[in-house]
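A.B. asks: One structure is given below, represented as structure tokens, and several questions about it will come after.
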Amino acid sequence: MLPSQPLLHAAVFALTALQALASDTFIAAVYEHAVILPDATGEPVSPADALALMNQNMDVLEGAIKEAAQQGAHIIVTPEDGIYGWRFTRETIYPYLEDIPDPTVNWIPCTDPSRGFLLQFAPAPVQERLSCMARNNSIYVVANIGDKKPCNSSDASCPSDGRYQYNTNVIFDPEGKLVARYHKYNLFMSETQFNYPKEPEAVTFETPFGKFGIFTCFDILFREPAVVLVSELQVDTVLFPTAWMNVLPFLTAVEFHSAWAMGMGVNFLAANTHHTSMSMTGSGIYAPDRARTYYYNMKTEDGRLLIAELDSHPRLSPASLPAVNWSSYASSVKRFSPNDHDFKGRIFHDWFTFTELTKPEGNLTVCQKDLCCHLSYKMAGKQEDEVYVLGAFDGLHVVEGQYYLQICTLLKCKSTDLNTCGQPVETAQTKFEMFSLSGTFGTNYVFPEVLYSRVQLAPGEFEVLNDGRLMSKTRSTKPVITVTLFGRWYEKD
């Protein structure tokens, strides 16, 4: 007997509701990997030696992928350079590269490795093994490898060696199918072994738990493709393989990546390499409201698997940020207590205008060009041997990349000598009963950072109001290194 129309509709509705319920959240994993590096050499190694090193790293990654899957993870992100490391020239990286096809070829390397020969992009032992890791563990696997593409003199920009080489992210779905490929666009200055694509690629893919986008490391500081993925293509979650070297006080990995997730209103899965001699550590799973879990460890050379639950569609959740007018409050207040004690100091090669917090509590303003930064604060017992300043920077940063910044920051100086203000500091003793920081920003892209002593985040202890104020919700549970509004004005690059 056939069901009646109403019963059929009810059954379909119930099934749809169940599916929606099942995908309201998902389990994310990232793995911070202490990469096994190749020996530094001026000559290319054999393909067999290159594959042997990559298999050593993939042995470690496979263990993390299995463990993540056993704990229920739906997707795992592994780091940039996580399969072969660095220390390469254009020539010496070549044996490590594979021809990675456009995902439209609809290919599962694990079950059909020979099909690569027919499509003229084989052999691909690394893609095959990554595909099998995904398939055997029923999990999305995100990895960073190298792509090679031949070119010839008909292409005016073809390199003299007749090939393009790309820093490339690949994603395999739980069946092992290649579903996405992204070529890094914003190469860091030392990445001379790679080319960047002629046009930035905005790569997205759909999952049962939301729309995902992907980019790599240095890309995060630029509009394309990072902002485009979120603002125009409306992804829910960003995947971020990185080899991030920490730079205090604003650009440590956990601090900036959690701030980017909050400022953009998306989930952010950041997997960093772990190499302390290059200040590389700091991975995390970040939601728009707070870090769900993170790892920062400069003391040992251990990798670390992180797992956390996230909302599939964070923009629709109560925790997502309301639309923030970043200059609303700051533009409406008169300048706090004018002071005659402004002084200059450098942070990561940029000249800030500072003013000292001379009292245990108060209101201060400091300005540079069009940016005025306002701070209201109360310290929880000021330490005599610690100095804090309010700083403003409005200008073009030109070292290790060029990008326009507007920054308001409360930060601890390295010593009581004001000449040390802006130098990297990892520890502090002063807690704050409250703080409220705002600025007259000319950009809508502002990333709120709060960093505590020993490079610890402050999840749940601060909030951003829609008038642009970064405010404490409670007394700080740990001493403060910096409270910062890090603005990026992309149009002025």
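So you can find residues: chains in the structure tokens are A, B, ... in the order shown, residues in each start at 1, and ligands are numbered from 1 in order.
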Contacts of segment 267-277 of chain A at 8 Å or less, counting only C-alpha atoms, minus same-chain residues fewer than 5 places along, as a PyMOL selection string?
C.D. replies: chain A and resi 28-35+77-82+236-244+257-258+261+282-288+298-303+310+314
A.B. asks: Looking only at alpha helix (DSSP H) from DSSP on the backbone, list the matching residues of segment 258-423 of chain A as a PyMOL selection string.
C.D. replies: chain A and resi 258-264+328-332
A.B. asks: Using all heavy atoms, can you write the selected residues to a file as a compact mmCIF listing (two decimals), in the first residue's frame?
C.D. replies:
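Just written: out14.txt:
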# COMPACT_ATOMS: atom_id res chain seq x y z
N SER A 258 43.12 33.46 15.87
CA SER A 258 41.86 33.53 16.62
C SER A 258 41.18 34.88 16.40
O SER A 258 39.96 34.96 16.29
CB SER A 258 42.10 33.29 18.12
OG SER A 258 42.98 34.26 18.66
N ALA A 259 41.98 35.95 16.29
CA ALA A 259 41.42 37.29 16.04
C ALA A 259 40.80 37.37 14.66
O ALA A 259 39.76 38.02 14.46
CB ALA A 259 42.52 38.34 16.20
N TRP A 260 41.42 36.71 13.68
CA TRP A 260 40.89 36.73 12.30
C TRP A 260 39.54 36.01 12.26
O TRP A 260 38.59 36.48 11.63
CB TRP A 260 41.89 36.09 11.34
CG TRP A 260 41.70 36.48 9.90
CD1 TRP A 260 42.27 37.54 9.26
CD2 TRP A 260 40.88 35.81 8.92
NE1 TRP A 260 41.86 37.57 7.94
CE2 TRP A 260 41.01 36.53 7.71
CE3 TRP A 260 40.06 34.69 8.95
CZ2 TRP A 260 40.35 36.16 6.54
CZ3 TRP A 260 39.40 34.31 7.79
CH2 TRP A 260 39.55 35.04 6.60
N ALA A 261 39.44 34.88 12.95
CA ALA A 261 38.17 34.16 13.01
C ALA A 261 37.07 35.04 13.61
O ALA A 261 35.94 35.09 13.12
CB ALA A 261 38.33 32.88 13.83
N MET A 262 37.42 35.74 14.68
CA MET A 262 36.44 36.61 15.34
C MET A 262 36.08 37.80 14.47
O MET A 262 34.90 38.13 14.30
CB MET A 262 37.00 37.08 16.70
CG MET A 262 36.03 37.93 17.48
SD MET A 262 36.64 38.33 19.14
CE MET A 262 36.03 36.93 20.05
N GLY A 263 37.09 38.44 13.88
CA GLY A 263 36.84 39.62 13.06
C GLY A 263 36.04 39.31 11.80
O GLY A 263 35.25 40.14 11.33
N MET A 264 36.22 38.10 11.24
CA MET A 264 35.53 37.72 10.01
C MET A 264 34.25 36.93 10.27
O MET A 264 33.45 36.70 9.36
CB MET A 264 36.46 36.90 9.10
CG MET A 264 37.70 37.65 8.64
SD MET A 264 37.37 39.18 7.74
CE MET A 264 36.67 38.52 6.23
N SER A 328 32.42 53.68 15.32
CA SER A 328 31.24 54.34 15.87
C SER A 328 31.51 54.99 17.23
O SER A 328 31.36 56.20 17.40
CB SER A 328 30.08 53.34 15.98
OG SER A 328 28.99 53.94 16.63
N TYR A 329 31.93 54.20 18.20
CA TYR A 329 32.14 54.74 19.54
C TYR A 329 33.29 55.75 19.56
O TYR A 329 33.16 56.86 20.09
CB TYR A 329 32.43 53.62 20.54
CG TYR A 329 32.77 54.14 21.92
CD1 TYR A 329 31.76 54.52 22.79
CD2 TYR A 329 34.09 54.26 22.34
CE1 TYR A 329 32.05 55.01 24.05
CE2 TYR A 329 34.39 54.75 23.60
CZ TYR A 329 33.37 55.13 24.45
OH TYR A 329 33.66 55.63 25.68
N ALA A 330 34.41 55.37 18.96
CA ALA A 330 35.61 56.23 19.03
C ALA A 330 35.37 57.58 18.37
O ALA A 330 35.91 58.60 18.82
CB ALA A 330 36.78 55.52 18.36
N SER A 331 34.56 57.62 17.32
CA SER A 331 34.30 58.89 16.63
C SER A 331 33.36 59.78 17.43
O SER A 331 33.31 60.99 17.22
CB SER A 331 33.69 58.63 15.24
OG SER A 331 34.56 57.85 14.46
N SER A 332 32.61 59.16 18.35
CA SER A 332 31.61 59.94 19.10
C SER A 332 32.16 60.54 20.38
O SER A 332 31.55 61.45 20.95
CB SER A 332 30.41 59.04 19.44
OG SER A 332 30.78 58.08 20.42
A.B. asks: Quick check, in Å to one decimal: how far apart do atom CA of Leu37 of chain A and atom CA of Ala50 of chain A lie?
C.D. replies: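 Atom CA of Leu37 of chain A sits 10.9 Å away from atom CA of Ala50 of chain A.
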A.B. asks: Return the single residue from A:Glu491, A:Glu426, A:Asp342, A:Asp39 that is closest to Gln456 of chain A, with distances computed using only C-alpha atoms.
C.D. replies: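 Looking only at the distances to Gln456 of chain A, the closest residue turns out to be A:Glu426.
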A.B. asks: Tell me which protein, DNA and RNA residues are within 10 Å of Ile220 of chain A, counting only C-alpha atoms, leaving out same-chain ones fewer than 2 positions away, and put them as a list of chain:residue names.
C.D. replies: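 These residues fall inside the cut-off: A:Asn186, A:Phe215, A:Thr216, A:Cys217, A:Phe218, A:Phe222, A:Arg223, A:Glu224, A:Pro225, A:Ala226, A:Val227, A:Phe240, A:Thr242, A:Phe256, A:His257, A:Trp260.
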A.B. asks: Write out the residues from the selection above, keeping C-alpha atoms, as an mmCIF file, in the first residue's frame.
C.D. replies:
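The result, stored in again-v2.cif:
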data_model
loop_
_atom_site.group_PDB
_atom_site.id
_atom_site.type_symbol
_atom_site.label_atom_id
_atom_site.label_comp_id
_atom_site.auth_asym_id
_atom_site.auth_seq_id
_atom_site.Cartn_x
_atom_site.Cartn_y
_atom_site.Cartn_z
ATOM 1 C CA ASN A 186 50.721 35.350 -1.583
ATOM 2 C CA PHE A 215 44.134 29.393 1.775
ATOM 3 C CA THR A 216 47.704 29.191 3.058
ATOM 4 C CA CYS A 217 49.820 31.039 5.635
ATOM 5 C CA PHE A 218 50.816 34.524 4.318
ATOM 6 C CA PHE A 222 45.737 40.062 2.157
ATOM 7 C CA ARG A 223 42.305 40.608 0.650
ATOM 8 C CA GLU A 224 42.634 37.945 -2.035
ATOM 9 C CA PRO A 225 41.736 35.201 -1.570
ATOM 10 C CA ALA A 226 41.140 35.345 2.207
ATOM 11 C CA VAL A 227 38.567 38.130 2.531
ATOM 12 C CA PHE A 240 44.495 27.043 7.005
ATOM 13 C CA THR A 242 50.576 27.227 7.721
ATOM 14 C CA PHE A 256 46.256 36.535 15.147
ATOM 15 C CA HIS A 257 44.432 33.482 13.800
ATOM 16 C CA TRP A 260 40.890 36.733 12.305
#
A.B. asks: Choose the residue, out of A:Pro159, A:Pro174, A:Pro109, A:Gly442, that has the smallest atom-to-atom separation from Arg135 of chain A; count only C-alpha atoms.
C.D. replies: A:Pro174
A.B. asks: Restricting the calculation to only C-alpha atoms, which member of A:Asp161, A:Ile307, A:Leu51, A:Ala392 is positioned closest to Glu67 of chain A?
C.D. replies: A:Ile307
A.B. asks: Tell me which of A:Ile108, A:Leu375, A:Leu451, A:Leu187 sits closest to Lys412 of chain A, counting only C-alpha atoms.
C.D. replies: A:Leu451
A.B. asks: Quick one: everything within 9 Å of Asp394 of chain A, counting only C-alpha atoms, minus sequence neighbours fewer than 4 positions away in the same chain. Send it as a list in words.
C.D. replies: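 Counting only C-alpha atoms, the residues come to Phe352, Cys367, Gln368, Lys369, Asp370, Leu371, Tyr404, Leu405, Gln406 and Ile407 of chain A.
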A.B. asks: Got a sec to tell me which of segment 14-260 of chain A DSSP assigns to strand (DSSP E or B), as JSON, numbers by chain?
C.D. replies: {"A": [25, 26, 27, 28, 29, 30, 31, 32, 33, 75, 76, 77, 98, 140, 141, 142, 143, 144, 145, 146, 147, 148, 149, 150, 163, 164, 165, 166, 167, 168, 169, 170, 171, 172, 178, 179, 180, 181, 182, 183, 203, 204, 205, 206, 207, 210, 211, 212, 213, 214, 237, 238, 239, 240, 241, 242, 245, 247, 251]}
A.B. asks: Please list as number ranges by chain every residue within 8 Å of Asp102 of chain A, counting only C-alpha atoms and excluding residues in the same chain fewer than 2 positions away.
C.D. replies: A: 100, 104-105, 180-181
A.B. asks: How would the residues just chosen look if you wrote them out with N, CA and C atoms as a compact mmCIF listing (two decimals), in the first residue's frame?
C.D. replies:
# COMPACT_ATOMS: atom_id res chain seq x y z
N ILE A 100 49.28 17.66 -9.89
CA ILE A 100 48.00 17.53 -9.19
C ILE A 100 46.89 17.99 -10.13
N THR A 104 37.95 18.48 -11.01
CA THR A 104 36.83 18.11 -11.89
C THR A 104 37.07 16.77 -12.59
N VAL A 105 38.29 16.22 -12.54
CA VAL A 105 38.53 14.91 -13.15
C VAL A 105 37.84 13.78 -12.40
N ALA A 180 39.28 19.29 -3.80
CA ALA A 180 39.71 20.68 -3.92
C ALA A 180 41.23 20.75 -4.04
N ARG A 181 41.68 21.77 -4.78
CA ARG A 181 43.11 22.04 -4.96
C ARG A 181 43.28 23.56 -4.95
A.B. asks: List every residue of segment 99-179 of chain A that has an atom at most 12 Å from any atom of segment 43-49 of chain A, and for each one report the closest atom pair and its distance in Å to one decimal, counting only C-alpha atoms, with rows sorted by chain and then by increasing residue number, as CSV.
C.D. replies:
residue,atom,partner,partner_atom,distance
A:Pro123,CA,A:Pro47,CA,11.0
A:Ala124,CA,A:Pro47,CA,11.5
A:Pro125,CA,A:Ala48,CA,10.8
A:Val126,CA,A:Pro47,CA,11.8
A.B. asks: Return the single residue from A:Val480, A:Val464, A:Ile139, A:Cys421 that is closest to Gln71 of chain A, with distances computed using only C-alpha atoms.
C.D. replies: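 Smallest distance to Gln71 of chain A is found for A:Ile139.
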